[in-house]
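Peer 1: Encoded as structure tokens, here's the structure I'll be asking about.
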Amino acid sequence: MKFALICGASGNIGTAISKDLAQKGWSLYLHYYQNEATTNQLANELRAEYPQQDFLTIQANFRSEDAAQKISQNIFGLNAVVFAQGTTIYQLFDCFSAQQLENLWQEQLKTPMLVIQKVIKKISNAENGRIVFIGSIYGAVGSSMEVPYSAIKGGISSFVNAYSKEVASLGVTVNAVAPGAVATKMNDEFNQTEIEAVNEEIPVGRFGDPTEISHIVQSIMDERASYLTGQTIYVDGGWKK
Ligand SMILES: NC(=O)c1ccc[n+]([C@@H]2O[C@H](COP(=O)([O-])OP(=O)(O)OC[C@H]3O[C@@H](n4cnc5c(N)ncnc54)[C@H](OP(=O)(O)O)[C@@H]3O)[C@@H](O)[C@H]2O)c1
């Protein structure tokens, strides 16, 4: 049985990824931070639909020092990990406290790197190992009011570039899928006028749906995608890249 760890399975993009991968036969470790009820419900739905597969939930706050340890001690066999957790903070760069910078870095890149260190042996022992990050187009083009977020998303793409070279010989691919604007909880604070203004900038004319991101992730997870590594794939309706 092939197992994937989905970090941020409780989020909108993470849930879409979990559903697509379950449909492709994956058993899943479903990570959440605060949304326990949503994640339990997702696990129950998947168990009912795919009774031959396993669906286990794991709670961890990526801003805490022990998150990687907490996750890895709950993982047994593992073929793949997807990092779909993350938040942003909208404000001018000058207003960021050291703690806010630390929080963003820890949540999106430092803890994932520590998780990878702890599970890479398991992933490389399995065939067709996969590591996939959800990055952002802001990692390539940058965004005012989200400067640290943009820098860290760029860091994810750089990590993917470098680490893919280290583990290629182990049969593990490392890639990022970088969305533009996707209709998720993360964008709940936009009002209708702001949404319409963004829609006008996007050639496709709308926000993406989480399933349009999960579709790309599940294709990277396919064993036939073993020649794709070290890449950041932009999925943005033609917006910024
Ligand atoms: N939506 C977009 O327009 C967009 C664009 C580009 C990139 N992205 C990226 O896509 C990823 C998923 O975002 P989304 O749009 O699906 O947002 P979302 O629905 O708000 O999901 C956010 C996820 O992050 C988890 N999370 C939040 N704080 C955490 C912490 N301290 N430790 C561990 N997990 C934590 C949440 O867990 P709980 O809910 O359980 O607390 C949830 O699973 C993020 O990396 C985001 O940067 C989104």
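Ordered as shown in the structure tokens, chains take letters A, B, and onward, while each chain numbers its residues from 1 and ligands are numbered from 1 in the order shown.
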For the contact check between chain A and ligand 1, emit one row per residue of chain A within 6 Å, containing the shortest atom pair and the distance in Å rounded to one decimal, counting only C-alpha atoms and all ligand atoms, chain then rising number order, as a tab-separated table.
Peer 2:
```
residue	atom	partner	partner_atom_place_in_ligand_line	distance
A:Gly8	CA	ligand 1	43 (O)	3.2
A:Ala9	CA	ligand 1	43 (O)	5.2
A:Ser10	CA	ligand 1	43 (O)	4.0
A:Gly11	CA	ligand 1	21 (O)	3.3
A:Asn12	CA	ligand 1	19 (O)	3.9
A:Ile13	CA	ligand 1	16 (O)	3.8
A:Gly14	CA	ligand 1	16 (O)	5.8
A:Tyr32	CA	ligand 1	40 (O)	3.8
A:Tyr33	CA	ligand 1	40 (O)	3.6
A:Gln34	CA	ligand 1	41 (O)	3.6
A:Asn35	CA	ligand 1	40 (O)	3.7
A:Ala60	CA	ligand 1	33 (C)	5.9
A:Asn61	CA	ligand 1	32 (N)	3.8
A:Phe62	CA	ligand 1	32 (N)	3.7
A:Arg63	CA	ligand 1	31 (N)	5.0
A:Ala84	CA	ligand 1	11 (C)	4.5
A:Gln85	CA	ligand 1	24 (O)	3.4
A:Gly86	CA	ligand 1	45 (O)	3.9
A:Thr87	CA	ligand 1	27 (C)	5.5
A:Glu107	CA	ligand 1	31 (N)	5.6
A:Ile134	CA	ligand 1	45 (O)	5.3
A:Gly135	CA	ligand 1	7 (C)	5.5
A:Ser136	CA	ligand 1	6 (C)	4.2
A:Pro179	CA	ligand 1	6 (C)	4.4
A:Gly180	CA	ligand 1	5 (C)	5.0
A:Ala181	CA	ligand 1	3 (O)	3.7
A:Val182	CA	ligand 1	3 (O)	3.7
A:Ala183	CA	ligand 1	1 (N)	5.8
A:Thr184	CA	ligand 1	15 (O)	4.7
A:Lys185	CA	ligand 1	20 (O)	4.5
A:Met186	CA	ligand 1	20 (O)	4.1
A:Asn187	CA	ligand 1	1 (N)	5.9
```
Peer 1: Store the residues picked out above, limited to N, CA, C and O atoms, as a short mmCIF file (atom, residue, chain, number, x, y, z; two decimals), in the first residue's frame.
Peer 2:
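Result file again-v6.cif:
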```cif
data_model
loop_
_atom_site.label_atom_id
_atom_site.label_comp_id
_atom_site.auth_asym_id
_atom_site.auth_seq_id
_atom_site.Cartn_x
_atom_site.Cartn_y
_atom_site.Cartn_z
N GLY A 8 -1.42 19.99 6.13
CA GLY A 8 -2.46 20.96 5.78
C GLY A 8 -3.63 20.32 5.06
O GLY A 8 -4.30 20.97 4.25
N ALA A 9 -3.90 19.05 5.39
CA ALA A 9 -5.04 18.35 4.74
C ALA A 9 -6.37 19.01 5.11
O ALA A 9 -7.35 18.87 4.39
N SER A 10 -6.39 19.75 6.22
CA SER A 10 -7.61 20.42 6.66
C SER A 10 -7.89 21.70 5.86
O SER A 10 -8.98 22.25 5.95
N GLY A 11 -6.93 22.19 5.11
CA GLY A 11 -7.13 23.40 4.31
C GLY A 11 -7.85 23.05 3.00
O GLY A 11 -8.01 21.88 2.65
N ASN A 12 -8.25 24.08 2.28
CA ASN A 12 -9.02 23.82 1.05
C ASN A 12 -8.19 23.13 -0.03
O ASN A 12 -8.65 22.18 -0.66
N ILE A 13 -6.96 23.60 -0.22
CA ILE A 13 -6.11 22.95 -1.24
C ILE A 13 -5.70 21.56 -0.75
O ILE A 13 -5.75 20.57 -1.50
N GLY A 14 -5.35 21.45 0.54
CA GLY A 14 -4.95 20.16 1.10
C GLY A 14 -6.08 19.13 1.04
O GLY A 14 -5.83 17.94 0.78
N TYR A 32 -3.41 18.19 10.34
CA TYR A 32 -4.14 19.44 10.58
C TYR A 32 -3.49 20.18 11.73
O TYR A 32 -2.71 19.59 12.50
N TYR A 33 -3.81 21.45 11.84
CA TYR A 33 -3.34 22.24 12.99
C TYR A 33 -4.50 22.46 13.96
O TYR A 33 -4.51 21.91 15.06
N GLN A 34 -5.54 23.26 13.53
CA GLN A 34 -6.64 23.57 14.45
C GLN A 34 -7.95 22.89 14.08
O GLN A 34 -8.80 22.69 14.93
N ASN A 35 -8.11 22.58 12.79
CA ASN A 35 -9.41 22.08 12.32
C ASN A 35 -9.54 20.57 12.48
O ASN A 35 -9.61 19.83 11.48
N ALA A 60 -0.46 18.84 14.40
CA ALA A 60 0.82 19.48 14.76
C ALA A 60 0.78 20.96 14.38
O ALA A 60 0.24 21.32 13.33
N ASN A 61 1.35 21.77 15.26
CA ASN A 61 1.54 23.20 14.98
C ASN A 61 2.94 23.38 14.41
O ASN A 61 3.93 23.19 15.13
N PHE A 62 3.04 23.75 13.13
CA PHE A 62 4.35 23.87 12.48
C PHE A 62 5.18 25.01 13.07
O PHE A 62 6.35 25.15 12.76
N ARG A 63 4.55 25.87 13.87
CA ARG A 63 5.31 26.95 14.50
C ARG A 63 5.97 26.48 15.80
O ARG A 63 6.56 27.29 16.50
N ALA A 84 1.04 21.34 2.13
CA ALA A 84 -0.02 22.25 1.68
C ALA A 84 -0.52 23.11 2.85
O ALA A 84 -1.62 23.64 2.79
N GLN A 85 0.31 23.19 3.91
CA GLN A 85 -0.07 24.05 5.04
C GLN A 85 0.47 25.46 4.79
O GLN A 85 1.37 25.63 3.97
N GLY A 86 -0.05 26.43 5.51
CA GLY A 86 0.56 27.77 5.42
C GLY A 86 -0.45 28.89 5.54
O GLY A 86 -1.62 28.73 5.20
N THR A 87 0.06 30.02 6.04
CA THR A 87 -0.76 31.23 6.17
C THR A 87 0.05 32.40 5.64
O THR A 87 1.24 32.25 5.33
N GLU A 107 6.66 27.87 9.77
CA GLU A 107 5.44 27.20 9.29
C GLU A 107 5.60 26.68 7.85
O GLU A 107 5.16 25.59 7.52
N ILE A 134 3.43 23.16 -1.89
CA ILE A 134 2.61 24.20 -2.50
C ILE A 134 3.35 25.52 -2.28
O ILE A 134 3.49 25.98 -1.14
N GLY A 135 3.87 26.07 -3.36
CA GLY A 135 4.59 27.35 -3.31
C GLY A 135 3.62 28.47 -3.63
O GLY A 135 2.45 28.46 -3.20
N SER A 136 4.08 29.44 -4.41
CA SER A 136 3.19 30.54 -4.83
C SER A 136 3.87 31.29 -5.96
O SER A 136 5.11 31.38 -5.99
N PRO A 179 0.57 28.12 -7.01
CA PRO A 179 -0.69 28.70 -7.51
C PRO A 179 -0.63 30.22 -7.59
O PRO A 179 0.19 30.86 -6.93
N GLY A 180 -1.57 30.76 -8.39
CA GLY A 180 -1.87 32.19 -8.35
C GLY A 180 -2.92 32.39 -7.27
O GLY A 180 -2.74 31.96 -6.15
N ALA A 181 -4.04 33.02 -7.62
CA ALA A 181 -5.12 33.23 -6.63
C ALA A 181 -6.10 32.06 -6.71
O ALA A 181 -6.61 31.74 -7.78
N VAL A 182 -6.31 31.42 -5.56
CA VAL A 182 -7.21 30.27 -5.51
C VAL A 182 -8.32 30.58 -4.51
O VAL A 182 -8.06 31.19 -3.46
N ALA A 183 -9.54 30.18 -4.83
CA ALA A 183 -10.69 30.47 -3.96
C ALA A 183 -10.65 29.55 -2.75
O ALA A 183 -11.14 28.41 -2.80
N THR A 184 -10.01 30.02 -1.66
CA THR A 184 -9.91 29.23 -0.43
C THR A 184 -10.12 30.16 0.77
O THR A 184 -10.15 31.38 0.61
N LYS A 185 -10.15 29.53 1.96
CA LYS A 185 -10.29 30.30 3.21
C LYS A 185 -9.23 31.39 3.33
O LYS A 185 -9.46 32.42 3.93
N MET A 186 -8.05 31.09 2.75
CA MET A 186 -6.94 32.04 2.86
C MET A 186 -7.32 33.41 2.30
O MET A 186 -6.79 34.44 2.72
N ASN A 187 -8.23 33.41 1.31
CA ASN A 187 -8.61 34.67 0.66
C ASN A 187 -9.96 35.19 1.14
O ASN A 187 -10.53 36.08 0.52
#
```
Peer 1: For the contact check between region 84-155 of chain A and region 65-74 of chain A, emit one row per residue of region 84-155 of chain A within 10 Å, containing the shortest atom pair and the distance in Å rounded to one decimal, counting only C-alpha atoms, chain then rising number order, as a tab-separated table.
Peer 2:
```
residue	atom	partner	partner_atom	distance
A:Gln106	CA	A:Glu65	CA	8.6
A:Glu107	CA	A:Ala67	CA	9.7
A:Lys110	CA	A:Ala68	CA	9.6
A:Thr111	CA	A:Ala68	CA	6.1
A:Pro112	CA	A:Ala68	CA	7.5
A:Met113	CA	A:Ala68	CA	8.7
A:Leu114	CA	A:Ala68	CA	5.8
A:Val115	CA	A:Ala68	CA	4.7
A:Ile116	CA	A:Ala68	CA	8.5
A:Gln117	CA	A:Ala68	CA	8.9
A:Lys118	CA	A:Ser72	CA	6.3
A:Val119	CA	A:Ser72	CA	6.6
```
Peer 1: How about saving the chosen residues, N, CA, C and O atoms kept, as a compact mmCIF listing (two decimals), in the first residue's frame?
Peer 2:
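Result file follows (part_25.txt):
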```txt
# COMPACT_ATOMS: atom_id res chain seq x y z
N GLN A 106 9.02 29.33 9.91
CA GLN A 106 8.93 28.02 10.56
C GLN A 106 7.79 27.20 9.94
O GLN A 106 7.96 26.02 9.62
N GLU A 107 6.66 27.87 9.77
CA GLU A 107 5.44 27.20 9.29
C GLU A 107 5.60 26.68 7.85
O GLU A 107 5.16 25.59 7.52
N LYS A 110 10.95 25.96 7.46
CA LYS A 110 11.86 25.30 8.42
C LYS A 110 11.29 23.96 8.90
O LYS A 110 11.98 22.93 8.83
N THR A 111 10.02 23.96 9.36
CA THR A 111 9.46 22.69 9.83
C THR A 111 9.36 21.67 8.69
O THR A 111 9.73 20.51 8.89
N PRO A 112 8.90 22.05 7.48
CA PRO A 112 8.96 21.07 6.39
C PRO A 112 10.36 20.48 6.17
O PRO A 112 10.50 19.27 5.96
N MET A 113 11.40 21.33 6.25
CA MET A 113 12.75 20.80 6.06
C MET A 113 13.09 19.78 7.16
O MET A 113 13.69 18.74 6.89
N LEU A 114 12.68 20.08 8.40
CA LEU A 114 12.95 19.14 9.50
C LEU A 114 12.15 17.85 9.34
O LEU A 114 12.65 16.76 9.64
N VAL A 115 10.91 17.99 8.84
CA VAL A 115 10.09 16.78 8.59
C VAL A 115 10.79 15.92 7.54
O VAL A 115 10.93 14.70 7.70
N ILE A 116 11.26 16.56 6.47
CA ILE A 116 11.93 15.81 5.39
C ILE A 116 13.15 15.06 5.93
O ILE A 116 13.36 13.89 5.63
N GLN A 117 13.94 15.74 6.76
CA GLN A 117 15.12 15.06 7.33
C GLN A 117 14.73 13.79 8.07
O GLN A 117 15.44 12.80 8.04
N LYS A 118 13.57 13.86 8.73
CA LYS A 118 13.16 12.71 9.55
C LYS A 118 12.52 11.58 8.73
O LYS A 118 12.50 10.44 9.18
N VAL A 119 11.95 11.91 7.56
CA VAL A 119 11.22 10.85 6.82
C VAL A 119 11.89 10.44 5.52
O VAL A 119 11.41 9.52 4.86
```
Peer 1: Taking 2 positions as the minimum chain separation for residues in the same chain, which residues sit within 12 Å of Gln53 (chain A) when counting only C-alpha atoms? Answer as a PyMOL selection string.
Peer 2: chain A and resi 1-4+21-29+43-51+55-56
Peer 1: May I have the residues within 6 Å of Ala16 (chain A) as a ChimeraX atom specification, using only C-alpha atoms and disregarding those fewer than 3 positions away in the same chain?
Peer 2: /A:13,19,210-211,214
Peer 1: May I have the residues from that selection written out with C-alpha atoms, as a PDB file, in the first residue's frame?
Peer 2:
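Output (part10.pdb):
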```
ATOM      1  CA  ILE A  13      -6.112  22.951  -1.235  1.00  0.00           C
ATOM      2  CA  LYS A  19      -9.482  13.530  -2.182  1.00  0.00           C
ATOM      3  CA  PRO A 210      -8.547  24.009  -5.310  1.00  0.00           C
ATOM      4  CA  THR A 211      -9.183  21.020  -7.601  1.00  0.00           C
ATOM      5  CA  SER A 214      -4.750  19.194  -6.734  1.00  0.00           C
TER       6      SER A 214
END
```
Peer 1: Based on the backbone DSSP call, show me all residues of region 36-200 of chain A assigned alpha helix (DSSP H), as a PyMOL selection string.
Peer 2: chain A and resi 36-49+67-72+98-105+111-125+138-141+147-167+192-200
Peer 1: Mind pulling up the distance from CA of Thr232 (chain A) to CA of Asn161 (chain A)?
Peer 2: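 Going from CA of Asn161 (chain A) over to CA of Thr232 (chain A) covers 8.5 Å.
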Peer 1: Among the residues of region 11-188 of chain A, find those DSSP assigns to strand (DSSP E or B) from the backbone and print them as a tab-separated table (two decimals) with N, CA, C and O atoms, in the first residue's frame.
Peer 2:
```
chain	number	residue	atom	x	y	z
A	27	SER	N	-3.14	5.65	0.47
A	27	SER	CA	-3.50	5.76	1.88
A	27	SER	C	-2.85	7.04	2.39
A	27	SER	O	-1.77	7.41	1.92
A	28	LEU	N	-3.49	7.69	3.36
A	28	LEU	CA	-3.05	9.04	3.70
A	28	LEU	C	-2.92	9.28	5.21
A	28	LEU	O	-3.77	8.84	5.99
A	29	TYR	N	-1.87	10.00	5.57
A	29	TYR	CA	-1.78	10.64	6.88
A	29	TYR	C	-2.28	12.06	6.66
A	29	TYR	O	-1.68	12.82	5.87
A	30	LEU	N	-3.36	12.42	7.33
A	30	LEU	CA	-3.99	13.73	7.11
A	30	LEU	C	-3.60	14.65	8.26
A	30	LEU	O	-4.09	14.50	9.39
A	31	HIS	N	-2.72	15.60	7.97
A	31	HIS	CA	-2.27	16.52	9.02
A	31	HIS	C	-3.20	17.73	9.11
A	31	HIS	O	-3.71	18.22	8.11
A	32	TYR	N	-3.41	18.19	10.34
A	32	TYR	CA	-4.14	19.44	10.58
A	32	TYR	C	-3.49	20.18	11.73
A	32	TYR	O	-2.71	19.59	12.50
A	55	PHE	N	-6.65	5.82	6.43
A	55	PHE	CA	-6.68	7.28	6.57
A	55	PHE	C	-6.51	7.62	8.04
A	55	PHE	O	-7.39	7.32	8.85
A	56	LEU	N	-5.35	8.21	8.37
A	56	LEU	CA	-5.01	8.50	9.77
A	56	LEU	C	-4.84	10.01	9.91
A	56	LEU	O	-4.35	10.66	8.98
A	57	THR	N	-5.22	10.56	11.05
A	57	THR	CA	-5.06	12.01	11.24
A	57	THR	C	-3.89	12.28	12.19
A	57	THR	O	-3.61	11.49	13.09
A	58	ILE	N	-3.22	13.41	11.95
A	58	ILE	CA	-2.09	13.82	12.81
A	58	ILE	C	-2.22	15.33	13.06
A	58	ILE	O	-2.34	16.11	12.11
A	59	GLN	N	-2.16	15.74	14.33
A	59	GLN	CA	-2.20	17.16	14.67
A	59	GLN	C	-0.78	17.67	14.93
A	59	GLN	O	0.01	16.99	15.59
A	80	ALA	N	5.52	9.36	0.13
A	80	ALA	CA	5.45	10.74	-0.37
A	80	ALA	C	5.00	11.69	0.71
A	80	ALA	O	4.29	11.30	1.65
A	81	VAL	N	5.40	12.95	0.56
A	81	VAL	CA	4.89	14.00	1.45
A	81	VAL	C	4.52	15.22	0.62
A	81	VAL	O	5.22	15.58	-0.34
A	82	VAL	N	3.39	15.81	0.97
A	82	VAL	CA	2.91	17.04	0.30
A	82	VAL	C	2.76	18.11	1.38
A	82	VAL	O	2.10	17.87	2.39
A	83	PHE	N	3.38	19.27	1.15
A	83	PHE	CA	3.27	20.37	2.12
A	83	PHE	C	2.27	21.38	1.60
A	83	PHE	O	2.59	22.19	0.72
A	129	GLY	N	9.61	7.75	-4.74
A	129	GLY	CA	9.38	8.72	-3.66
A	129	GLY	C	9.03	10.09	-4.23
A	129	GLY	O	9.53	10.49	-5.28
A	130	ARG	N	8.19	10.79	-3.51
A	130	ARG	CA	7.73	12.11	-3.98
A	130	ARG	C	7.71	13.11	-2.84
A	130	ARG	O	7.21	12.81	-1.75
A	131	ILE	N	8.24	14.32	-3.10
A	131	ILE	CA	8.08	15.44	-2.17
A	131	ILE	C	7.51	16.60	-2.99
A	131	ILE	O	8.06	16.97	-4.04
A	132	VAL	N	6.36	17.12	-2.56
A	132	VAL	CA	5.71	18.22	-3.30
A	132	VAL	C	5.37	19.34	-2.31
A	132	VAL	O	4.76	19.09	-1.27
A	133	PHE	N	5.77	20.55	-2.66
A	133	PHE	CA	5.41	21.73	-1.87
A	133	PHE	C	4.35	22.53	-2.63
A	133	PHE	O	4.40	22.62	-3.86
A	134	ILE	N	3.43	23.16	-1.89
A	134	ILE	CA	2.61	24.20	-2.50
A	134	ILE	C	3.35	25.52	-2.28
A	134	ILE	O	3.49	25.98	-1.14
A	172	VAL	N	13.82	9.72	-5.65
A	172	VAL	CA	12.85	10.65	-5.04
A	172	VAL	C	12.82	11.93	-5.88
A	172	VAL	O	13.88	12.50	-6.16
A	173	THR	N	11.63	12.39	-6.27
A	173	THR	CA	11.53	13.68	-6.95
A	173	THR	C	11.05	14.74	-5.96
A	173	THR	O	10.33	14.44	-5.00
A	174	VAL	N	11.48	15.98	-6.22
A	174	VAL	CA	11.14	17.11	-5.34
A	174	VAL	C	10.68	18.26	-6.22
A	174	VAL	O	11.45	18.75	-7.06
A	175	ASN	N	9.42	18.67	-6.07
A	175	ASN	CA	8.86	19.72	-6.92
A	175	ASN	C	7.95	20.64	-6.11
A	175	ASN	O	7.53	20.29	-5.00
A	176	ALA	N	7.65	21.79	-6.70
A	176	ALA	CA	6.67	22.71	-6.09
A	176	ALA	C	5.59	23.01	-7.12
A	176	ALA	O	5.87	23.11	-8.32
A	177	VAL	N	4.37	23.13	-6.63
A	177	VAL	CA	3.25	23.62	-7.46
A	177	VAL	C	2.94	25.01	-6.90
A	177	VAL	O	2.69	25.15	-5.70
A	178	ALA	N	3.01	26.01	-7.76
A	178	ALA	CA	2.89	27.41	-7.30
A	178	ALA	C	1.61	28.04	-7.85
A	178	ALA	O	1.57	28.45	-9.02
A	179	PRO	N	0.57	28.12	-7.01
A	179	PRO	CA	-0.69	28.70	-7.51
A	179	PRO	C	-0.63	30.22	-7.59
A	179	PRO	O	0.19	30.86	-6.93
A	182	VAL	N	-6.31	31.42	-5.56
A	182	VAL	CA	-7.21	30.27	-5.51
A	182	VAL	C	-8.32	30.58	-4.51
A	182	VAL	O	-8.06	31.19	-3.46
```
Peer 1: Using only C-alpha atoms, which of the listed residues (A:Phe76, A:Glu127, A:Tyr90, A:Ser219) sits closest to Phe190 (chain A)?
Peer 2: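 Between A:Phe76, A:Glu127, A:Tyr90, A:Ser219, the residue approaching Phe190 (chain A) most closely is A:Tyr90.
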